[in-house]
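upload.pdb follows; it contains PDB, C-alpha atoms.
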```pdb
MODEL        1
ATOM      1  CA  MET A 272       0.000   0.000   0.000
ATOM      2  CA  LYS A 273       2.877   2.312   0.770
ATOM      3  CA  HIS A 274       4.328   1.785  -2.677
ATOM      4  CA  LEU A 275       0.946   2.487  -4.275
ATOM      5  CA  ALA A 276       0.641   5.769  -2.380
ATOM      6  CA  VAL A 277       4.109   6.843  -3.482
ATOM      7  CA  ALA A 278       3.326   5.978  -7.109
ATOM      8  CA  GLY A 279       0.079   7.947  -6.922
ATOM      9  CA  ALA A 280       1.868  10.994  -5.532
ATOM     10  CA  VAL A 281       4.480  10.831  -8.278
ATOM     11  CA  ALA A 282       1.752  10.616 -10.961
ATOM     12  CA  VAL A 283      -0.037  13.612  -9.497
ATOM     13  CA  ALA A 284       3.198  15.600  -9.412
ATOM     14  CA  VAL A 285       3.998  14.744 -13.043
ATOM     15  CA  ALA A 286       0.483  15.747 -14.166
ATOM     16  CA  GLY A 287       0.715  19.036 -12.284
ATOM     17  CA  ALA A 288       4.082  19.836 -13.852
ATOM     18  CA  ALA A 289       2.673  19.106 -17.300
ATOM     19  CA  ILE A 290      -0.256  21.450 -16.669
ATOM     20  CA  VAL A 291       2.067  24.184 -15.440
ATOM     21  CA  GLY A 292       4.293  23.690 -18.471
ATOM     22  CA  ILE A 293       1.364  23.995 -20.844
ATOM     23  CA  ALA A 294       0.202  27.150 -19.115
ATOM     24  CA  ALA A 295       3.698  28.600 -19.317
ATOM     25  CA  VAL A 296       3.837  28.202 -23.094
ATOM     26  CA  PRO A 297       2.663  31.486 -24.601
ATOM     27  CA  ALA A 298      -0.418  31.274 -26.807
ATOM     28  CA  PRO A 299       0.224  31.961 -30.517
ATOM     29  CA  ALA A 300      -0.476  35.545 -31.381
ATOM     30  CA  LEU A 301      -3.417  36.148 -33.680
ATOM     31  CA  ALA A 302      -2.500  37.087 -37.214
ATOM     32  CA  ASP A 303      -2.563  40.829 -37.522
ATOM     33  CA  ASP A 304      -4.070  42.557 -40.465
ATOM     34  CA  PRO A 305      -1.642  42.897 -43.352
ATOM     35  CA  SER A 306       0.346  46.057 -43.017
ATOM     36  CA  PRO A 307      -0.485  48.725 -45.546
ATOM     37  CA  ALA A 308       1.736  49.020 -48.567
ATOM     38  CA  PRO A 309       4.578  51.482 -48.183
ATOM     39  CA  ALA A 310       4.148  54.947 -49.598
ATOM     40  CA  VAL A 311       5.233  55.577 -53.170
ATOM     41  CA  ASN A 312       7.463  58.580 -53.737
ATOM     42  CA  THR A 313       8.409  58.079 -57.384
ATOM     43  CA  ALA A 314       6.691  58.167 -60.754
ATOM     44  CA  GLY A 315       7.605  56.939 -64.206
ATOM     45  CA  THR A 316       8.247  59.113 -67.242
ATOM     46  CA  SER A 317       6.651  56.783 -69.833
ATOM     47  CA  PHE A 318       4.411  53.728 -70.139
ATOM     48  CA  LEU A 319       7.449  51.442 -69.896
ATOM     49  CA  THR A 320       8.686  53.010 -66.650
ATOM     50  CA  ALA A 321       5.277  53.455 -64.942
ATOM     51  CA  VAL A 322       5.524  52.829 -61.184
ATOM     52  CA  PRO A 323       3.156  50.122 -59.822
ATOM     53  CA  ILE A 324       0.674  51.186 -57.134
ATOM     54  CA  THR A 325      -2.165  49.444 -55.295
ATOM     55  CA  ALA A 326      -5.521  50.512 -53.936
ATOM     56  CA  ASN A 327      -5.393  52.855 -50.917
ATOM     57  CA  GLN A 328      -1.608  53.085 -51.159
ATOM     58  CA  PRO A 329      -0.372  56.616 -50.406
ATOM     59  CA  VAL A 330       1.462  58.315 -53.248
ATOM     60  CA  GLN A 331       3.518  61.449 -52.568
ATOM     61  CA  VAL A 332       5.769  62.585 -55.396
ATOM     62  CA  GLY A 333       7.896  65.654 -55.913
ATOM     63  CA  ALA A 334       8.124  66.860 -59.498
ATOM     64  CA  VAL A 335       8.499  69.973 -61.614
ATOM     65  CA  THR A 336       6.062  71.723 -63.899
ATOM     66  CA  GLY A 337       6.133  70.190 -67.361
ATOM     67  CA  ASP A 338       6.812  66.600 -66.273
ATOM     68  CA  TYR A 339       4.741  63.632 -67.459
ATOM     69  CA  LEU A 340       4.066  61.314 -64.524
ATOM     70  CA  TYR A 341       3.039  57.667 -65.016
ATOM     71  CA  TRP A 342       1.715  55.000 -62.635
ATOM     72  CA  GLN A 343       0.181  51.561 -63.224
ATOM     73  CA  PHE A 344      -2.277  49.397 -61.293
ATOM     74  CA  SER A 345      -4.212  46.166 -61.740
ATOM     75  CA  ALA A 346      -8.019  45.935 -61.882
ATOM     76  CA  GLU A 347     -10.328  42.941 -61.752
ATOM     77  CA  ALA A 348     -13.787  42.342 -63.181
ATOM     78  CA  GLY A 349     -16.532  44.080 -61.229
ATOM     79  CA  GLN A 350     -14.341  46.935 -59.934
ATOM     80  CA  ARG A 351     -14.727  50.624 -60.724
ATOM     81  CA  PRO A 352     -11.282  52.222 -60.299
ATOM     82  CA  ASP A 353     -11.413  55.779 -58.989
ATOM     83  CA  ILE A 354      -8.342  58.050 -58.966
ATOM     84  CA  THR A 355      -8.038  61.348 -57.114
ATOM     85  CA  THR A 356      -5.004  63.588 -57.514
ATOM     86  CA  LYS A 357      -4.010  66.823 -55.806
ATOM     87  CA  VAL A 358      -1.237  68.974 -57.254
ATOM     88  CA  THR A 359       0.282  71.533 -54.900
ATOM     89  CA  LEU A 360       1.468  74.375 -57.114
ATOM     90  CA  PRO A 361       4.562  76.499 -56.415
ATOM     91  CA  ALA A 362       3.894  79.481 -54.203
ATOM     92  CA  ASP A 363       6.240  81.839 -56.041
ATOM     93  CA  GLY A 364       7.376  82.257 -59.604
ATOM     94  CA  ARG A 365       4.166  81.519 -61.497
ATOM     95  CA  THR A 366       3.248  83.910 -64.286
ATOM     96  CA  GLY A 367      -0.123  82.600 -65.486
ATOM     97  CA  ALA A 368      -2.871  79.978 -65.373
ATOM     98  CA  GLU A 369      -2.180  76.278 -65.945
ATOM     99  CA  SER A 370      -4.257  73.483 -67.488
ATOM    100  CA  TRP A 371      -3.870  69.976 -66.090
ATOM    101  CA  ILE A 372      -5.211  66.608 -67.210
ATOM    102  CA  ILE A 373      -5.319  63.071 -65.826
ATOM    103  CA  GLU A 374      -5.750  60.142 -68.234
ATOM    104  CA  VAL A 375      -6.252  56.400 -67.786
ATOM    105  CA  PHE A 376      -5.181  53.853 -70.417
ATOM    106  CA  ASP A 377      -5.708  50.098 -70.532
ATOM    107  CA  GLY A 378      -3.063  47.514 -71.359
ATOM    108  CA  LEU A 379      -3.482  48.151 -75.096
ATOM    109  CA  ARG A 380      -2.807  51.881 -74.615
ATOM    110  CA  ARG A 381      -6.462  52.666 -75.298
ATOM    111  CA  ARG A 382      -7.659  55.732 -73.445
ATOM    112  CA  GLN A 383     -10.581  54.992 -71.144
ATOM    113  CA  ALA A 384     -13.379  57.510 -70.681
ATOM    114  CA  CYS A 385     -13.822  59.136 -67.281
ATOM    115  CA  VAL A 386     -17.423  58.911 -66.055
ATOM    116  CA  ALA A 387     -16.837  60.999 -62.901
ATOM    117  CA  GLY A 388     -14.299  63.439 -61.560
ATOM    118  CA  GLU A 389     -12.687  66.643 -62.807
ATOM    119  CA  GLN A 390     -10.412  65.311 -65.517
ATOM    120  CA  SER A 391      -8.963  68.537 -66.972
ATOM    121  CA  PRO A 392      -9.267  71.528 -64.594
ATOM    122  CA  ILE A 393      -7.611  74.922 -64.995
ATOM    123  CA  ALA A 394      -5.616  76.413 -62.122
ATOM    124  CA  ALA A 395      -5.704  80.183 -61.868
ATOM    125  CA  LYS A 396      -2.525  82.187 -61.494
ATOM    126  CA  ASP A 397      -3.012  82.661 -57.754
ATOM    127  CA  ALA A 398      -4.314  79.096 -57.040
ATOM    128  CA  ALA A 399      -2.401  77.169 -54.380
ATOM    129  CA  ASP A 400      -3.378  73.713 -55.658
ATOM    130  CA  VAL A 401      -5.555  71.925 -58.168
ATOM    131  CA  THR A 402      -7.534  68.692 -57.740
ATOM    132  CA  LEU A 403      -8.117  66.157 -60.507
ATOM    133  CA  GLY A 404     -10.175  62.983 -60.579
ATOM    134  CA  CYS A 405     -11.113  60.177 -62.941
ATOM    135  CA  ARG A 406     -13.424  57.207 -62.416
ATOM    136  CA  ILE A 407     -13.539  54.758 -65.291
ATOM    137  CA  ARG A 408     -16.379  52.437 -66.170
ATOM    138  CA  GLN A 409     -16.872  49.138 -64.404
ATOM    139  CA  VAL A 410     -14.357  46.532 -65.482
ATOM    140  CA  ARG A 411     -16.062  43.765 -67.437
ATOM    141  CA  SER A 412     -15.115  40.112 -67.623
ATOM    142  CA  TRP A 413     -15.529  40.017 -71.402
ATOM    143  CA  ALA A 414     -16.180  42.268 -74.390
ATOM    144  CA  GLU A 415     -16.317  42.126 -78.160
ATOM    145  CA  PRO A 416     -12.986  42.689 -79.965
ATOM    146  CA  GLN A 417     -14.185  45.960 -81.464
ATOM    147  CA  ASP A 418     -15.408  47.341 -78.139
ATOM    148  CA  GLY A 419     -13.321  49.624 -75.971
ATOM    149  CA  ASP A 420     -14.795  48.461 -72.666
ATOM    150  CA  PRO A 421     -12.383  48.110 -69.742
ATOM    151  CA  LEU A 422     -11.250  44.530 -69.154
ATOM    152  CA  PRO A 423      -9.279  42.895 -66.327
ATOM    153  CA  GLY A 424      -5.597  43.686 -66.492
ATOM    154  CA  THR A 425      -3.098  46.503 -66.081
ATOM    155  CA  TYR A 426      -4.074  50.153 -66.340
ATOM    156  CA  TYR A 427      -1.863  53.208 -66.691
ATOM    157  CA  VAL A 428      -2.370  56.663 -65.172
ATOM    158  CA  ARG A 429      -0.797  59.722 -66.760
ATOM    159  CA  LEU A 430      -0.732  63.154 -65.129
ATOM    160  CA  SER A 431       0.500  66.167 -67.085
ATOM    161  CA  SER A 432       0.028  69.870 -67.652
ATOM    162  CA  THR A 433      -1.317  70.606 -71.102
ATOM    163  CA  LYS A 434      -1.070  74.388 -71.265
ATOM    164  CA  LEU A 435       1.017  76.777 -69.191
ATOM    165  CA  PRO A 436       3.351  79.751 -69.679
ATOM    166  CA  GLU A 437       6.774  78.762 -70.929
ATOM    167  CA  LYS A 438       8.420  80.719 -68.118
ATOM    168  CA  ASP A 439       6.715  78.437 -65.560
ATOM    169  CA  LEU A 440       8.427  75.270 -66.819
ATOM    170  CA  GLY A 441      10.661  73.679 -64.231
ATOM    171  CA  LEU A 442       9.025  75.123 -61.114
ATOM    172  CA  PRO A 443       8.849  72.605 -58.235
ATOM    173  CA  LEU A 444       5.516  71.111 -57.185
ATOM    174  CA  LYS A 445       4.112  68.223 -55.133
ATOM    175  CA  VAL A 446       1.672  65.543 -56.286
ATOM    176  CA  SER A 447      -0.460  63.304 -54.084
ATOM    177  CA  LEU A 448      -2.517  60.493 -55.614
ATOM    178  CA  THR A 449      -5.091  58.087 -54.180
ATOM    179  CA  LEU A 450      -6.471  54.989 -55.912
ATOM    180  CA  THR A 451      -9.620  53.182 -54.801
ATOM    181  CA  THR A 452     -11.254  50.165 -56.456
ATOM    182  CA  PRO A 453     -14.813  49.859 -55.106
ATOM    183  CA  ASP A 454     -17.069  47.122 -56.391
ATOM    184  CA  GLY A 455     -19.627  48.126 -58.982
ATOM    185  CA  ASP A 456     -22.873  46.444 -59.921
ATOM    186  CA  LEU A 457     -21.978  42.825 -59.237
ATOM    187  CA  ASP A 458     -25.384  41.660 -60.488
ATOM    188  CA  ALA A 459     -24.759  43.058 -63.959
ATOM    189  CA  ASP A 460     -24.157  40.768 -66.891
ATOM    190  CA  GLN A 461     -20.598  39.512 -66.671
ATOM    191  CA  GLY A 462     -20.483  37.172 -69.630
ATOM    192  CA  GLU A 463     -23.596  34.990 -69.304
ATOM    193  CA  LEU A 464     -26.650  35.623 -71.488
ATOM    194  CA  ALA A 465     -30.061  34.840 -70.009
ATOM    195  CA  LYS A 466     -31.569  34.357 -73.473
ATOM    196  CA  PRO A 467     -30.431  34.655 -77.092
ATOM    197  CA  LEU A 468     -30.083  38.166 -78.440
ATOM    198  CA  VAL A 469     -32.025  37.250 -81.622
ATOM    199  CA  PRO A 470     -34.353  34.280 -81.068
ATOM    200  CA  ASN A 471     -34.725  31.953 -84.048
ATOM    201  CA  ASN A 472     -38.489  32.144 -84.575
ATOM    202  CA  GLN A 473     -38.459  30.312 -87.934
ATOM    203  CA  PRO A 474     -36.031  27.437 -87.701
ATOM    204  CA  GLY A 475     -35.206  25.543 -90.879
ATOM    205  CA  THR A 476     -33.613  22.244 -91.790
ATOM    206  CA  VAL A 477     -29.869  21.872 -92.062
ATOM    207  CA  LEU A 478     -28.630  20.339 -95.304
ATOM    208  CA  THR A 479     -26.244  17.493 -94.630
ATOM    209  CA  THR A 480     -25.568  16.809 -98.330
ATOM    210  CA  PRO A 481     -24.715  19.342-101.046
ATOM    211  CA  ALA A 482     -27.572  20.489-103.251
ATOM    212  CA  PRO A 483     -27.763  18.682-106.625
ATOM    213  CA  SER A 484     -26.410  20.737-109.488
ATOM    214  CA  ALA A 485     -28.443  21.321-112.667
ATOM    215  CA  SER A 486     -27.523  18.786-115.280
ATOM    216  CA  ALA A 487     -26.758  19.815-118.834
ATOM    217  CA  ASP A 488     -29.094  19.156-121.726
ATOM    218  CA  PRO A 489     -28.637  15.519-122.800
ATOM    219  CA  ASP A 490     -29.150  16.446-126.457
ATOM    220  CA  SER A 491     -26.318  18.988-126.254
ATOM    221  CA  GLU A 492     -24.039  16.446-124.594
ATOM    222  CA  GLU A 493     -24.686  13.919-127.349
ATOM    223  CA  SER A 494     -24.075  16.395-130.173
ATOM    224  CA  GLY A 495     -21.080  17.986-128.475
ATOM    225  CA  PHE A 496     -22.638  21.473-128.712
ATOM    226  CA  SER A 497     -23.311  23.444-125.523
ATOM    227  CA  LEU A 498     -25.421  26.587-125.035
ATOM    228  CA  ASP A 499     -23.776  27.559-121.753
ATOM    229  CA  TRP A 500     -22.232  30.638-123.370
ATOM    230  CA  LEU A 501     -25.631  32.186-124.046
ATOM    231  CA  PRO A 502     -26.726  34.779-121.454
ATOM    232  CA  ASP A 503     -29.727  34.331-119.244
ATOM    233  CA  PHE A 504     -32.457  36.408-120.871
ATOM    234  CA  SER A 505     -33.999  38.029-117.846
ATOM    235  CA  GLY A 506     -35.777  41.367-117.400
ATOM    236  CA  ARG A 507     -32.459  43.240-117.406
ATOM    237  CA  TRP A 508     -31.560  41.972-120.866
ATOM    238  CA  PHE A 509     -35.024  42.760-122.177
ATOM    239  CA  TRP A 510     -35.001  46.367-120.981
ATOM    240  CA  THR A 511     -31.416  46.902-122.185
ATOM    241  CA  ALA A 512     -32.170  45.658-125.678
ATOM    242  CA  GLY A 513     -35.493  47.525-125.826
ATOM    243  CA  GLY A 514     -33.861  50.749-124.656
ATOM    244  CA  GLY A 515     -31.142  50.454-127.282
ATOM    245  CA  ILE A 516     -33.664  49.948-130.098
ATOM    246  CA  LEU A 517     -35.812  52.843-128.861
ATOM    247  CA  ALA A 518     -32.750  55.134-128.712
ATOM    248  CA  ALA A 519     -31.802  54.216-132.288
ATOM    249  CA  LEU A 520     -35.296  54.921-133.604
ATOM    250  CA  THR A 521     -35.407  58.241-131.754
ATOM    251  CA  GLY A 522     -32.064  59.239-133.278
ATOM    252  CA  LEU A 523     -33.227  58.410-136.800
ATOM    253  CA  PHE A 524     -36.448  60.334-136.308
ATOM    254  CA  GLY A 525     -34.594  63.393-135.001
ATOM    255  CA  PHE A 526     -32.145  63.245-137.897
ATOM    256  CA  SER A 527     -34.992  63.161-140.402
ATOM    257  CA  LEU A 528     -36.467  66.318-138.878
ATOM    258  CA  THR A 529     -33.242  68.307-138.839
ATOM    259  CA  ARG A 530     -31.610  67.368-142.152
ATOM    260  CA  ARG A 531     -31.962  69.747-145.069
ATOM    261  CA  ARG A 532     -34.287  68.771-147.890
ATOM    262  CA  ARG A 533     -32.960  68.944-151.453
ATOM    263  CA  ARG A 534     -34.598  71.376-153.833
ATOM    264  CA  THR A 535     -36.380  69.794-156.788
TER     265      THR A 535
ENDMDL
END
```
Before anything else, please render the file you have as structure tokens.
Amino acid sequence: MKHLAVAGAVAVAVAGAAIVGIAAVPAPALADDPSPAPAVNTAGTSFLTAVPITANQPVQVGAVTGDYLYWQFSAEAGQRPDITTKVTLPADGRTGAESWIIEVFDGLRRRQACVAGEQSPIAAKDAADVTLGCRIRQVRSWAEPQDGDPLPGTYYVRLSSTKLPEKDLGLPLKVSLTLTTPDGDLDADQGELAKPLVPNNQPGTVLTTPAPSASADPDSEESGFSLDWLPDFSGRWFWTAGGGILAALTGLFGFSLTRRRRRT
């Protein structure tokens, strides 16, 4: 009995140590939300050097008046990309008003129409900043080859000044850009037709064998003489021949009226 009591005490001690050890192990930390993408402080100077950006990623770029700034982003079907840009103009040195424009191109360099936002505002001479915006149409999952609808893929953003005094070229400025990709009408048609566009109300039979060709005249085949070279005398031939004869008779009649008669 004494040995059994000692064994029981040892088992209890081992179990208690195991429980304490489990409690001492720290619980795994819950996965935190993914950290936001780092801020972008550069911009490309062409389509080939466009800087990639993502939705809600801060963009703060220093540039000079006259630069062409390019960025690129990816869009999926059902999204409606919306871009907002604020250009902080130089405080000193400006001599006149400036015109700015923001443009969005798809992967084929096709310019996409802006359905919302101030795409090409004009900044007055004393304006401290100018705000531009462009929201393109909802990205579709499919489109006809001849359509210019936005499709999933890469899109390019170009920011530039279109008209400004030549003396203002090279003045420093700051550009901040924000991209959002909210979902559009997810219930819209995304490539599945509920019914045919043009129902076939009068279906016909499909010919599985070629139509029999008209056989030649057996008498012509036997004699070796064929009349295939003769034209098909239809209404067009009749009116052409009749018109020619009528024109000839009219000419002869007119000539008989205008020619001089010989004296007898």
Matched chain/residue IDs from the PyMOL selection byres ((chain A and resi 353-370) around 9), as a ChimeraX atom specification: /A:336,351-352,371-373,387-388,391-407,428,430-436,438-439,442-453
Nearest-residue call for A:Val335, choices A:Phe376, A:Gln417, A:Val311, A:Gly441, using all atoms listed in the file: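 Closest to A:Val335, using all atoms listed in the file: A:Gly441.
What separates atom CA of A:Gln343 from atom CA of A:Ala314 is a distance of 9.6 Å.
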Å distance separating atom CA of A:Thr325 from atom CA of A:Ala310, one decimal place: 10.1 Å
Residues returned when the PyMOL selection byres ((chain A and resi 324) around 9) runs on this file, as a VMD selection string: chain A and resid 308 311 322 to 323 325 to 330 342 to 345 450
Output as lines of an AutoDock Vina configuration file the centre and edge lengths (Å, one decimal) of the box along x, y and z of the file that holds every listed atom of stretch 421-436 of chain A after adding 6 Å on each side.
```
center_x = -4.5
center_y = 61.3
center_z = -68.2
size_x = 27.7
size_y = 48.9
size_z = 18.1
```
Atom pair atom CA of A:Thr313 / atom CA of A:Leu440: separation (Å):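 So the two atoms, atom CA of A:Thr313 and atom CA of A:Leu440, lie 19.6 Å apart.
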9 Å contact set for A:Gln383, all atoms listed in the file, chain neighbours under 6 positions out, as a list in words: Glu374, Val375, Phe376, Asp377, Ile407, Arg408, Gly419, Asp420 and Pro421 of chain A
Report the residues retrieved by the PyMOL selection byres ((chain A and resi 340) around 6) from the displayed file, expressed as a short mmCIF file (atom, residue, chain, number, x, y, z; two decimals) with C-alpha atoms, keeping the file's coordinate frame.
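Result file follows (out-v4.cif):
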```cif
data_model
loop_
_atom_site.label_atom_id
_atom_site.label_comp_id
_atom_site.auth_asym_id
_atom_site.auth_seq_id
_atom_site.Cartn_x
_atom_site.Cartn_y
_atom_site.Cartn_z
CA ALA A 314 6.69 58.17 -60.75
CA GLY A 315 7.60 56.94 -64.21
CA THR A 316 8.25 59.11 -67.24
CA TYR A 339 4.74 63.63 -67.46
CA TYR A 341 3.04 57.67 -65.02
CA ARG A 429 -0.80 59.72 -66.76
CA LEU A 430 -0.73 63.15 -65.13
#
```
Long-range neighbours of A:Asn312 as a ChimeraX atom specification, 8 Å cut-off, all atoms listed in the file, 3 positions minimum in chain: /A:330-333
Taking C-alpha atoms for each residue, export the selection above as a short mmCIF file (atom, residue, chain, number, x, y, z; two decimals), in the frame of the given file.
```cif
data_model
loop_
_atom_site.label_atom_id
_atom_site.label_comp_id
_atom_site.auth_asym_id
_atom_site.auth_seq_id
_atom_site.Cartn_x
_atom_site.Cartn_y
_atom_site.Cartn_z
CA VAL A 330 1.46 58.32 -53.25
CA GLN A 331 3.52 61.45 -52.57
CA VAL A 332 5.77 62.58 -55.40
CA GLY A 333 7.90 65.65 -55.91
#
```
